[in-house]
file structure.txt (compact mmCIF, C-alpha atoms and all ligand atoms)
# COMPACT_ATOMS: atom_id res chain seq x y z
CA MET B 8 0.00 0.00 0.00
CA SER B 9 1.56 3.24 -1.02
CA GLY B 10 0.68 6.71 -2.19
CA GLY B 11 3.12 9.08 -3.77
CA ALA B 12 3.73 11.53 -6.58
CA ALA B 13 4.11 9.15 -9.53
CA ASP B 14 0.97 7.28 -8.62
CA ASP B 15 -1.51 6.04 -11.20
CA LYS B 16 -4.14 5.23 -8.55
CA ARG B 17 -6.85 7.71 -7.58
CA PHE B 18 -7.24 6.48 -3.98
CA ASP B 19 -4.94 5.27 -1.24
CA LEU B 20 -7.84 3.59 0.53
CA ILE B 21 -11.47 2.78 -0.16
CA ALA B 22 -13.56 1.62 2.80
CA ILE B 23 -16.71 -0.48 2.47
CA GLY B 24 -19.42 -0.86 5.10
CA ARG B 25 -21.51 1.34 7.33
CA ALA B 26 -21.67 5.09 7.68
CA CYS B 27 -24.04 5.85 10.55
CA ILE B 28 -24.82 8.26 13.35
CA ASP B 29 -23.26 8.29 16.81
CA LEU B 30 -25.22 10.01 19.58
CA ASN B 31 -22.67 10.56 22.33
CA ALA B 32 -23.76 11.32 25.86
CA VAL B 33 -23.16 14.95 26.76
CA GLU B 34 -23.34 14.21 30.49
CA TYR B 35 -20.32 12.12 31.43
CA ASN B 36 -20.00 9.60 34.21
CA ARG B 37 -23.68 8.79 34.19
CA PRO B 38 -25.71 5.76 33.15
CA MET B 39 -27.72 6.03 29.94
CA GLU B 40 -30.98 6.00 31.92
CA GLU B 41 -30.03 9.39 33.38
CA THR B 42 -28.52 10.88 30.23
CA MET B 43 -30.73 13.57 28.75
CA ASN B 44 -28.52 15.10 26.08
CA PHE B 45 -26.57 13.62 23.22
CA THR B 46 -24.39 15.18 20.54
CA LYS B 47 -24.70 13.94 16.98
CA TYR B 48 -21.62 12.81 15.04
CA VAL B 49 -20.97 10.70 11.99
CA GLY B 50 -20.00 7.20 13.13
CA GLY B 51 -19.60 3.61 12.01
CA SER B 52 -16.17 2.05 12.06
CA PRO B 53 -15.33 2.08 8.32
CA ALA B 54 -16.65 5.66 7.96
CA ASN B 55 -14.50 6.73 10.90
CA ILE B 56 -11.46 5.06 9.31
CA ALA B 57 -12.09 6.74 5.94
CA ILE B 58 -12.42 10.12 7.68
CA GLY B 59 -9.30 9.38 9.75
CA VAL B 60 -7.04 8.59 6.79
CA SER B 61 -8.41 11.53 4.82
CA ARG B 62 -7.70 13.92 7.71
CA LEU B 63 -4.13 12.61 7.70
CA GLY B 64 -3.77 13.41 4.00
CA LEU B 65 -4.56 10.13 2.22
CA ARG B 66 -6.99 10.00 -0.69
CA ALA B 67 -10.04 8.07 0.55
CA GLY B 68 -13.27 6.80 -0.96
CA PHE B 69 -16.29 5.04 0.53
CA ILE B 70 -18.68 2.36 -0.70
CA GLY B 71 -21.93 2.08 1.22
CA LYS B 72 -25.64 2.66 1.38
CA LEU B 73 -27.37 5.55 3.13
CA ALA B 74 -30.97 6.10 4.16
CA ASP B 75 -32.93 8.54 2.01
CA ASP B 76 -33.48 10.94 4.91
CA GLN B 77 -31.97 13.84 6.83
CA HIS B 78 -29.46 11.58 8.61
CA GLY B 79 -28.29 10.08 5.33
CA ARG B 80 -27.80 13.53 3.85
CA PHE B 81 -25.94 14.71 6.97
CA ILE B 82 -23.55 11.75 6.69
CA LYS B 83 -22.90 12.28 3.00
CA LYS B 84 -22.09 15.96 3.49
CA TYR B 85 -19.85 15.27 6.46
CA LEU B 86 -17.85 12.64 4.55
CA SER B 87 -17.57 14.86 1.52
CA ASP B 88 -16.46 17.87 3.62
CA ALA B 89 -13.87 15.59 5.24
CA GLY B 90 -12.42 14.94 1.77
CA VAL B 91 -13.80 11.41 1.34
CA ASP B 92 -15.11 10.59 -2.14
CA THR B 93 -18.84 9.86 -1.84
CA SER B 94 -19.59 8.93 -5.45
CA GLN B 95 -20.25 5.30 -4.43
CA LEU B 96 -22.58 6.11 -1.55
CA ILE B 97 -25.83 4.66 -2.82
CA VAL B 98 -29.10 6.15 -1.56
CA ASP B 99 -31.55 3.49 -0.35
CA ARG B 100 -34.98 3.66 -2.04
CA GLU B 101 -36.66 0.92 0.00
CA GLY B 102 -37.33 2.77 3.24
CA HIS B 103 -34.37 1.48 5.26
CA LYS B 104 -33.06 3.61 8.11
CA THR B 105 -29.79 5.10 9.29
CA GLY B 106 -28.09 3.02 12.00
CA LEU B 107 -27.84 4.79 15.35
CA ALA B 108 -25.28 4.21 18.11
CA PHE B 109 -26.07 5.79 21.48
CA THR B 110 -23.00 5.87 23.65
CA GLU B 111 -22.95 5.71 27.41
CA ILE B 112 -19.99 7.16 29.31
CA LYS B 113 -20.43 5.81 32.86
CA SER B 114 -16.78 6.37 33.67
CA PRO B 115 -13.58 6.53 31.61
CA GLU B 116 -13.27 2.75 32.05
CA GLU B 117 -16.94 1.85 31.71
CA CYS B 118 -18.39 2.82 28.37
CA SER B 119 -20.95 1.02 26.28
CA ILE B 120 -22.79 1.41 23.03
CA LEU B 121 -26.50 0.90 22.53
CA MET B 122 -27.11 0.21 18.85
CA TYR B 123 -30.31 0.67 16.86
CA ARG B 124 -29.63 -1.20 13.66
CA ASP B 125 -32.88 -2.94 12.68
CA LEU B 126 -33.36 -2.42 8.93
CA ALA B 127 -30.18 -0.32 8.81
CA ALA B 128 -29.63 0.91 5.24
CA ASP B 129 -25.94 -0.03 5.19
CA LEU B 130 -26.82 -3.74 5.46
CA TYR B 131 -28.86 -3.47 2.24
CA LEU B 132 -25.94 -2.65 -0.07
CA LYS B 133 -26.32 -5.07 -2.99
CA PRO B 134 -23.53 -6.87 -4.88
CA GLU B 135 -24.61 -5.23 -8.15
CA GLU B 136 -24.06 -1.82 -6.52
CA VAL B 137 -20.33 -2.46 -6.07
CA SER B 138 -18.14 -1.31 -8.95
CA GLU B 139 -14.99 -3.21 -9.94
CA GLY B 140 -13.78 -0.12 -11.81
CA TYR B 141 -14.01 1.95 -8.63
CA ILE B 142 -12.16 -0.58 -6.50
CA SER B 143 -9.45 -0.90 -9.15
CA GLN B 144 -8.59 2.76 -8.52
CA ALA B 145 -7.39 2.08 -4.96
CA HIS B 146 -4.24 0.72 -3.36
CA THR B 147 -6.22 -0.72 -0.47
CA LEU B 148 -9.77 -1.92 0.23
CA LEU B 149 -10.72 -1.67 3.92
CA VAL B 150 -13.43 -4.17 4.86
CA SER B 151 -15.44 -3.91 8.07
CA GLY B 152 -16.53 -7.16 9.73
CA THR B 153 -19.99 -5.83 10.60
CA ALA B 154 -20.81 -5.51 6.89
CA LEU B 155 -20.65 -9.32 6.72
CA ALA B 156 -23.43 -9.76 9.27
CA GLN B 157 -26.38 -9.88 6.87
CA SER B 158 -27.31 -10.32 3.25
CA PRO B 159 -27.18 -8.57 0.85
CA SER B 160 -24.36 -6.48 2.38
CA ARG B 161 -22.45 -9.72 3.05
CA GLU B 162 -22.43 -10.67 -0.64
CA ALA B 163 -21.63 -7.07 -1.65
CA VAL B 164 -18.52 -7.20 0.52
CA LEU B 165 -17.49 -10.66 -0.71
CA LYS B 166 -17.82 -9.38 -4.25
CA ALA B 167 -15.76 -6.28 -3.43
CA ILE B 168 -13.02 -8.58 -2.09
CA GLN B 169 -13.14 -10.65 -5.29
CA PHE B 170 -12.76 -7.44 -7.32
CA ALA B 171 -9.88 -6.27 -5.14
CA LYS B 172 -8.04 -9.55 -5.58
CA ARG B 173 -8.58 -9.52 -9.34
CA GLN B 174 -7.33 -5.94 -9.55
CA GLY B 175 -4.28 -6.40 -7.30
CA VAL B 176 -5.77 -4.17 -4.58
CA LYS B 177 -4.67 -5.05 -1.05
CA VAL B 178 -7.43 -6.11 1.34
CA VAL B 179 -7.35 -4.94 4.96
CA PHE B 180 -9.90 -6.63 7.23
CA GLU B 181 -10.89 -4.67 10.37
CA LEU B 182 -12.77 -7.24 12.43
CA ASP B 183 -15.03 -4.56 13.94
CA TYR B 184 -17.23 -7.09 15.73
CA ARG B 185 -20.62 -5.78 16.85
CA PRO B 186 -22.66 -8.63 18.37
CA TYR B 187 -25.99 -6.92 17.73
CA THR B 188 -26.37 -7.79 14.04
CA TRP B 189 -25.11 -11.38 14.09
CA LYS B 190 -27.39 -14.41 14.59
CA SER B 191 -24.91 -16.87 16.11
CA ALA B 192 -21.29 -17.29 17.12
CA GLU B 193 -20.88 -20.04 14.54
CA GLU B 194 -22.17 -17.86 11.70
CA THR B 195 -19.83 -15.03 12.69
CA ALA B 196 -16.80 -17.32 12.87
CA ILE B 197 -17.54 -18.77 9.43
CA TYR B 198 -17.63 -15.40 7.67
CA TYR B 199 -14.84 -13.84 9.74
CA SER B 200 -12.45 -16.69 9.02
CA LEU B 201 -13.47 -16.82 5.34
CA VAL B 202 -12.55 -13.15 4.88
CA ALA B 203 -9.52 -13.10 7.20
CA GLU B 204 -8.00 -16.03 5.30
CA GLN B 205 -8.21 -14.00 2.07
CA SER B 206 -6.99 -10.66 3.44
CA ASP B 207 -3.50 -9.17 3.25
CA ILE B 208 -3.73 -7.42 6.62
CA VAL B 209 -6.04 -8.28 9.53
CA ILE B 210 -6.61 -5.88 12.45
CA GLY B 211 -8.63 -6.68 15.55
CA THR B 212 -8.71 -6.95 19.32
CA ARG B 213 -7.79 -10.17 21.10
CA ASP B 214 -11.50 -10.71 21.85
CA GLU B 215 -12.41 -10.25 18.19
CA TYR B 216 -9.91 -12.93 17.13
CA ASP B 217 -11.57 -15.24 19.65
CA VAL B 218 -14.87 -14.54 17.86
CA LEU B 219 -13.19 -15.30 14.53
CA GLU B 220 -11.88 -18.60 15.90
CA ASN B 221 -15.12 -19.30 17.82
CA LYS B 222 -13.35 -20.06 21.08
CA ALA B 223 -12.61 -18.40 24.38
CA GLY B 224 -9.18 -17.46 25.68
CA GLY B 225 -7.23 -17.97 22.45
CA SER B 226 -3.61 -16.89 22.22
CA ASN B 227 -1.88 -14.65 19.70
CA GLU B 228 0.45 -17.52 18.79
CA GLU B 229 -2.49 -19.78 17.90
CA THR B 230 -4.16 -17.03 15.88
CA THR B 231 -1.07 -16.12 13.90
CA GLY B 232 -0.14 -19.79 13.43
CA TYR B 233 -3.55 -20.35 11.86
CA LEU B 234 -3.81 -17.20 9.73
CA PHE B 235 -0.26 -17.32 8.37
CA ARG B 236 -1.17 -20.65 6.75
CA HIS B 237 -3.41 -18.47 4.52
CA LYS B 238 -3.05 -15.08 2.74
CA PRO B 239 -2.29 -12.53 5.49
CA GLU B 240 1.17 -11.03 5.57
CA LEU B 241 0.54 -8.81 8.60
CA ILE B 242 -1.69 -9.44 11.63
CA VAL B 243 -2.35 -6.78 14.25
CA ILE B 244 -3.77 -7.83 17.62
CA LYS B 245 -4.88 -5.10 20.05
CA HIS B 246 -5.05 -5.48 23.81
CA GLY B 247 -6.74 -2.22 24.89
CA VAL B 248 -4.68 -0.07 27.22
CA ASP B 249 -2.12 -2.88 27.43
CA GLY B 250 -1.03 -2.03 23.89
CA SER B 251 -0.88 -4.03 20.68
CA TYR B 252 1.25 -6.44 18.66
CA ALA B 253 2.01 -6.74 14.96
CA TYR B 254 3.05 -10.12 13.60
CA THR B 255 4.61 -10.53 10.17
CA ARG B 256 4.65 -13.60 7.96
CA ALA B 257 8.46 -13.44 8.16
CA GLY B 258 8.22 -14.08 11.90
CA ASP B 259 8.76 -10.58 13.33
CA VAL B 260 6.77 -9.63 16.41
CA ILE B 261 6.57 -5.92 17.17
CA ARG B 262 4.95 -4.58 20.32
CA ALA B 263 3.49 -1.12 20.82
CA HIS B 264 2.51 0.48 24.11
CA ALA B 265 -0.51 2.68 24.59
CA TYR B 266 0.21 6.36 25.23
CA ARG B 267 -0.92 7.73 28.56
CA THR B 268 -3.69 10.29 28.37
CA LYS B 269 -6.65 11.65 30.31
CA VAL B 270 -9.30 9.21 29.11
CA LEU B 271 -12.82 10.52 28.60
CA LYS B 272 -14.27 7.37 27.00
CA THR B 273 -12.90 4.20 25.46
CA PHE B 274 -14.82 3.91 22.19
CA GLY B 275 -13.27 5.31 19.04
CA ALA B 276 -9.86 3.88 19.96
CA GLY B 277 -9.96 1.13 17.35
CA ASP B 278 -10.98 3.28 14.40
CA SER B 279 -8.43 6.02 15.11
CA TYR B 280 -5.77 3.34 15.63
CA ALA B 281 -6.55 1.68 12.28
CA SER B 282 -6.62 4.95 10.34
CA ALA B 283 -3.27 6.22 11.64
CA PHE B 284 -1.64 2.78 11.36
CA LEU B 285 -2.75 2.46 7.71
CA TYR B 286 -1.74 6.06 7.00
CA ALA B 287 1.78 5.39 8.28
CA LEU B 288 2.10 2.19 6.23
CA ALA B 289 0.91 4.07 3.14
CA GLN B 290 3.63 6.64 3.79
CA GLY B 291 6.19 3.82 3.68
CA LYS B 292 6.95 3.92 7.40
CA ASP B 293 8.07 0.72 9.10
CA ILE B 294 5.66 -1.37 11.16
CA GLU B 295 7.04 -0.21 14.51
CA THR B 296 6.46 3.41 13.55
CA ALA B 297 3.01 2.61 12.12
CA LEU B 298 2.03 1.02 15.44
CA LYS B 299 3.14 4.18 17.23
CA TYR B 300 1.01 6.31 14.92
CA GLY B 301 -2.00 4.06 15.58
CA SER B 302 -1.50 4.08 19.34
CA ALA B 303 -0.91 7.84 19.48
CA SER B 304 -4.01 8.57 17.41
CA ALA B 305 -6.10 6.31 19.66
CA SER B 306 -4.80 8.07 22.77
CA ILE B 307 -5.97 11.38 21.31
CA VAL B 308 -9.44 10.12 20.40
CA VAL B 309 -10.10 8.48 23.79
CA SER B 310 -9.42 11.85 25.40
CA ARG B 311 -12.01 13.60 23.18
CA HIS B 312 -15.78 13.38 22.90
CA SER B 313 -16.38 11.84 19.49
CA SER B 314 -14.95 9.09 17.29
CA SER B 315 -15.02 11.06 14.00
CA ASP B 316 -14.73 14.81 14.68
CA ALA B 317 -11.97 13.96 17.16
CA LEU B 318 -9.75 12.21 14.61
CA PRO B 319 -6.39 13.98 14.69
CA GLN B 320 -4.05 15.63 12.20
CA VAL B 321 -0.53 14.30 11.58
CA GLU B 322 1.04 17.02 13.79
CA ASP B 323 -1.12 15.99 16.77
CA ILE B 324 -0.03 12.37 16.41
CA GLU B 325 3.64 13.26 16.04
CA ALA B 326 3.45 15.50 19.11
CA VAL B 327 2.15 12.58 21.19
CA ILE B 328 4.90 10.30 19.91
CA ALA B 329 7.51 12.98 20.64
CA GLY B 330 6.04 13.48 24.15
CA HIS B 331 6.43 9.76 24.68
CA LEU B 332 4.22 9.12 27.73
CA ILE B 333 3.68 5.38 27.72
CA ALA B 334 0.83 3.75 29.66
CA ASN B 335 1.80 0.56 31.54
CA GLY B 336 5.32 0.92 30.11
N1 LIG I 401 -7.30 3.91 27.91
C1 LIG I 401 -6.48 4.07 26.87
N2 LIG I 401 -5.52 5.03 26.90
C2 LIG I 401 -4.68 5.22 25.87
N3 LIG I 401 -4.71 4.47 24.74
C3 LIG I 401 -5.65 3.50 24.65
C4 LIG I 401 -6.58 3.25 25.70
N4 LIG I 401 -7.37 2.22 25.32
C5 LIG I 401 -6.95 1.84 24.10
N5 LIG I 401 -5.92 2.60 23.68
C6 LIG I 401 -5.19 2.49 22.43
O1 LIG I 401 -6.08 2.12 21.41
C7 LIG I 401 -5.67 0.90 20.81
C8 LIG I 401 -6.90 0.11 20.42
O2 LIG I 401 -7.68 -0.09 21.56
P1 LIG I 401 -8.60 -1.35 21.77
O3 LIG I 401 -9.43 -1.06 22.97
O4 LIG I 401 -7.74 -2.58 21.82
O5 LIG I 401 -9.43 -1.38 20.42
P2 LIG I 401 -10.99 -1.24 20.13
O6 LIG I 401 -11.36 0.19 20.39
O7 LIG I 401 -11.11 -1.65 18.71
O8 LIG I 401 -11.68 -2.18 21.10
C9 LIG I 401 -4.78 0.21 21.83
O9 LIG I 401 -3.85 -0.65 21.21
C10 LIG I 401 -4.12 1.40 22.53
O10 LIG I 401 -2.97 1.84 21.81
O1 LIG I 402 -18.88 1.60 14.97
C1 LIG I 402 -19.94 2.16 15.24
O2 LIG I 402 -20.99 1.97 14.63
C2 LIG I 402 -19.94 3.17 16.35
C3 LIG I 402 -18.72 4.02 16.22
O3 LIG I 402 -18.90 5.11 15.40
C4 LIG I 402 -18.35 4.40 17.61
O4 LIG I 402 -17.87 5.64 17.72
C5 LIG I 402 -17.44 3.38 18.11
O5 LIG I 402 -17.90 2.57 18.85
C6 LIG I 402 -16.06 3.29 17.68
O6 LIG I 402 -15.57 2.08 18.20
P1 LIG I 402 -14.07 1.60 18.25
O7 LIG I 402 -13.21 2.49 17.42
O8 LIG I 402 -14.09 0.19 17.74
O9 LIG I 402 -13.70 1.67 19.70

call {"tool": "encode", "arguments": {"input": "structure.txt", "output": "structure tokens"}}
result
Amino acid sequence: MSGGAADDKRFDLIAIGRACIDLNAVEYNRPMEETMNFTKYVGGSPANIAIGVSRLGLRAGFIGKLADDQHGRFIKKYLSDAGVDTSQLIVDREGHKTGLAFTEIKSPEECSILMYRDLAADLYLKPEEVSEGYISQAHTLLVSGTALAQSPSREAVLKAIQFAKRQGVKVVFELDYRPYTWKSAEETAIYYSLVAEQSDIVIGTRDEYDVLENKAGGSNEETTGYLFRHKPELIVIKHGVDGSYAYTRAGDVIRAHAYRTKVLKTFGAGDSYASAFLYALAQGKDIETALKYGSASASIVVSRHSSSDALPQVEDIEAVIAGHLIANG
């Protein structure tokens, strides 16, 4: 994955999946039952990642489906203003709705998300709405695991991956597991492993890899031993505030620490991490540096209110890395 001056590609990264609305509690340190005010932001993991890489200077596009309503139009404008190409954002004509995520900030350690995703428009993206020509214009296709939860979005994503492989576009799989939309653990593991085995890079938390492998308490060694028998060349496994590891097919293991910060809430960490990590790789930085970019970006976002508006600029990330305050280090 690389950008650069003599580049015949139009995009560094195209993300596929959901673009939704986050409603983040304005009153902190309170249960949802007592929260009266929420601020509206664009949300949805792949949308956040597209916004994140665009804010860092990469050329990003998005493939997805939006509700034909005020929320859908808000999302499209926000993505477009953030520099993300929205030409492949299809407007739903069948009455489906924008997915909503209400966030609860009980304490900096205790956050949760209450999702309203019945009939969410993003899950109705159809295979015939995915363009091979569009995907061919990117270095990287970023796939979100949640988009595999239901048909026809599932088939649309599988087709996008087929196109990417045919066009020599790298596939990055962000596991992005949201239990709400899946029917069973077995179903999730089948589709997660199917896609992970075909991807060039896989990014997820330790818990998400356990979902992929349909077992509890798995180890990074078991996960990498399994996935390196397939396509992946790089596997990133995140362990929350305890940091993260990158494993390469060549056998390197690189550890990154989390950066210490004043945490407001924990959600948004994963999307900011993925966007800055992928940005750094696209800039040709080594994996150790890319992990630092991801960790630094996440430390910034967990100290701010949103997961999208809060995504940082390159200078903010580099200032954190230069400041070098490591959590649990
Ligand atoms: N409390 C925290 N303080 C600082 N950085 C954090 C904190 N929690 C997570 N991070 C950073 O965000 C990264 C991703 O967090 P994690 O919780 O594993 O992912 P996700 O948000 O996808 O569940 C971690 O590897 C770490 O660098
Ligand atoms: O992914 C969603 O639909 C909600 C997100 O927009 C939300 O901000 C969030 O939970 C981000 O999660 P994370 O980056 O995986 O922590």

call {"tool": "residues_around", "arguments": {"input": "structure.txt", "residues": "Leu155 (chain B)", "least_positions_apart": "5", "cutoff": "7 Å", "atoms": "only C-alpha atoms", "output": "ChimeraX atom specification"}}
result
/B:160-161,164,198

call {"tool": "closest_residue", "arguments": {"input": "structure.txt", "among": "B:Asp29, B:Glu117, B:Glu181, B:Asp316", "to": "Phe284 (chain B)", "atoms": "only C-alpha atoms"}}
result
B:Glu181

call {"tool": "residues_around", "arguments": {"input": "structure.txt", "residues": "region 234-249 of chain B", "least_positions_apart": "6", "cutoff": "7 Å", "atoms": "only C-alpha atoms", "output": "short mmCIF file (atom, residue, chain, number, x, y, z; two decimals) with C-alpha atoms, in the coordinates of the input"}}
result
data_model
loop_
_atom_site.label_atom_id
_atom_site.label_comp_id
_atom_site.auth_asym_id
_atom_site.auth_seq_id
_atom_site.Cartn_x
_atom_site.Cartn_y
_atom_site.Cartn_z
CA GLU B 204 -8.00 -16.03 5.30
CA GLN B 205 -8.21 -14.00 2.07
CA SER B 206 -6.99 -10.66 3.44
CA ASP B 207 -3.50 -9.17 3.25
CA ILE B 208 -3.73 -7.42 6.62
CA VAL B 209 -6.04 -8.28 9.53
CA ILE B 210 -6.61 -5.88 12.45
CA GLY B 211 -8.63 -6.68 15.55
CA THR B 212 -8.71 -6.95 19.32
CA ARG B 213 -7.79 -10.17 21.10
CA THR B 255 4.61 -10.53 10.17
CA ARG B 256 4.65 -13.60 7.96
CA HIS B 264 2.51 0.48 24.11
CA ALA B 265 -0.51 2.68 24.59
CA ASN B 335 1.80 0.56 31.54
#

call {"tool": "residues_near_ligand", "arguments": {"input": "structure.txt", "ligand": "ligand LIG 401 (chain I)", "cutoff": "10 Å", "atoms": "all atoms listed in the file", "output": "PyMOL selection string"}}
result
chain B and resi 52+115-116+181-184+210-215+243-252+262-281+298-310+332-335

call {"tool": "residues_near_point", "arguments": {"input": "structure.txt", "point": "(-7.0, 11.1, 4.9)", "cutoff": "12 Å", "atoms": "all atoms listed in the file", "output": "ChimeraX atom specification"}}
result
/B:10,18-22,54-69,86-92,279,281-287,289-290,318-321

call {"tool": "atom_distance", "arguments": {"input": "structure.txt", "atom1": "CA of Thr188 (chain B)", "atom2": "atom C1 of ligand LIG 402 (chain I)"}}
result
11.9 Å

call {"tool": "atom_distance", "arguments": {"input": "structure.txt", "atom1": "CA of Gly232 (chain B)", "atom2": "CA of Tyr199 (chain B)"}}
result
16.3 Å

call {"tool": "closest_residue", "arguments": {"input": "structure.txt", "among": "B:Ile142, B:Cys27, B:Gly51, B:Ala128", "to": "Asp75 (chain B)", "atoms": "all atoms listed in the file"}}
result
B:Ala128

call {"tool": "closest_residue", "arguments": {"input": "structure.txt", "among": "B:Arg25, B:Lys177, B:Lys172, B:Lys83", "to": "ligand LIG 402 (chain I)", "atoms": "only C-alpha atoms and all ligand atoms"}}
result
B:Arg25

call {"tool": "decode", "arguments": {"input": "structure.txt", "residues": "region 82-89 of chain B", "atoms": "all heavy atoms", "output": "CSV table (one decimal), in the first residue's frame"}}
result
chain,number,residue,atom,x,y,z
B,82,ILE,N,-24.7,12.6,6.8
B,82,ILE,CA,-23.5,11.7,6.7
B,82,ILE,C,-22.8,12.0,5.4
B,82,ILE,O,-21.6,12.2,5.4
B,82,ILE,CB,-23.9,10.3,6.8
B,82,ILE,CG1,-24.5,9.9,8.2
B,82,ILE,CG2,-22.8,9.4,6.5
B,82,ILE,CD1,-25.2,8.6,8.3
B,83,LYS,N,-23.5,12.1,4.3
B,83,LYS,CA,-22.9,12.3,3.0
B,83,LYS,C,-22.1,13.6,3.0
B,83,LYS,O,-21.0,13.7,2.5
B,83,LYS,CB,-23.9,12.2,1.9
B,83,LYS,CG,-23.3,12.3,0.5
B,83,LYS,CD,-24.2,12.0,-0.6
B,83,LYS,CE,-23.5,12.0,-1.9
B,83,LYS,NZ,-24.2,11.6,-3.1
B,84,LYS,N,-22.7,14.6,3.5
B,84,LYS,CA,-22.1,16.0,3.5
B,84,LYS,C,-20.9,15.9,4.4
B,84,LYS,O,-19.8,16.5,4.1
B,84,LYS,CB,-23.1,17.0,3.9
B,84,LYS,CG,-22.5,18.4,4.0
B,84,LYS,CD,-23.4,19.5,4.1
B,84,LYS,CE,-22.8,20.9,3.9
B,84,LYS,NZ,-21.6,21.1,4.6
B,85,TYR,N,-21.0,15.3,5.5
B,85,TYR,CA,-19.8,15.3,6.5
B,85,TYR,C,-18.7,14.6,5.8
B,85,TYR,O,-17.5,15.0,5.9
B,85,TYR,CB,-20.2,14.6,7.8
B,85,TYR,CG,-19.1,14.7,8.8
B,85,TYR,CD1,-19.1,15.7,9.7
B,85,TYR,CD2,-18.1,13.8,8.8
B,85,TYR,CE1,-18.1,15.9,10.6
B,85,TYR,CE2,-17.0,13.9,9.7
B,85,TYR,CZ,-17.0,15.0,10.6
B,85,TYR,OH,-16.0,15.1,11.5
B,86,LEU,N,-18.9,13.4,5.2
B,86,LEU,CA,-17.8,12.6,4.6
B,86,LEU,C,-17.2,13.5,3.4
B,86,LEU,O,-16.0,13.5,3.3
B,86,LEU,CB,-18.4,11.3,4.0
B,86,LEU,CG,-18.7,10.2,5.0
B,86,LEU,CD1,-19.4,9.0,4.3
B,86,LEU,CD2,-17.4,9.7,5.7
B,87,SER,N,-18.1,14.1,2.6
B,87,SER,CA,-17.6,14.9,1.5
B,87,SER,C,-16.7,16.1,2.0
B,87,SER,O,-15.6,16.3,1.5
B,87,SER,CB,-18.8,15.3,0.7
B,87,SER,OG,-18.4,16.2,-0.3
B,88,ASP,N,-17.2,16.7,3.1
B,88,ASP,CA,-16.5,17.9,3.6
B,88,ASP,C,-15.1,17.4,4.2
B,88,ASP,O,-14.2,18.2,4.3
B,88,ASP,CB,-17.3,18.6,4.7
B,88,ASP,CG,-18.5,19.4,4.1
B,88,ASP,OD1,-18.5,19.5,2.9
B,88,ASP,OD2,-19.3,19.8,4.9
B,89,ALA,N,-15.1,16.1,4.7
B,89,ALA,CA,-13.9,15.6,5.2
B,89,ALA,C,-12.9,15.1,4.1
B,89,ALA,O,-11.8,14.6,4.4
B,89,ALA,CB,-14.2,14.4,6.2
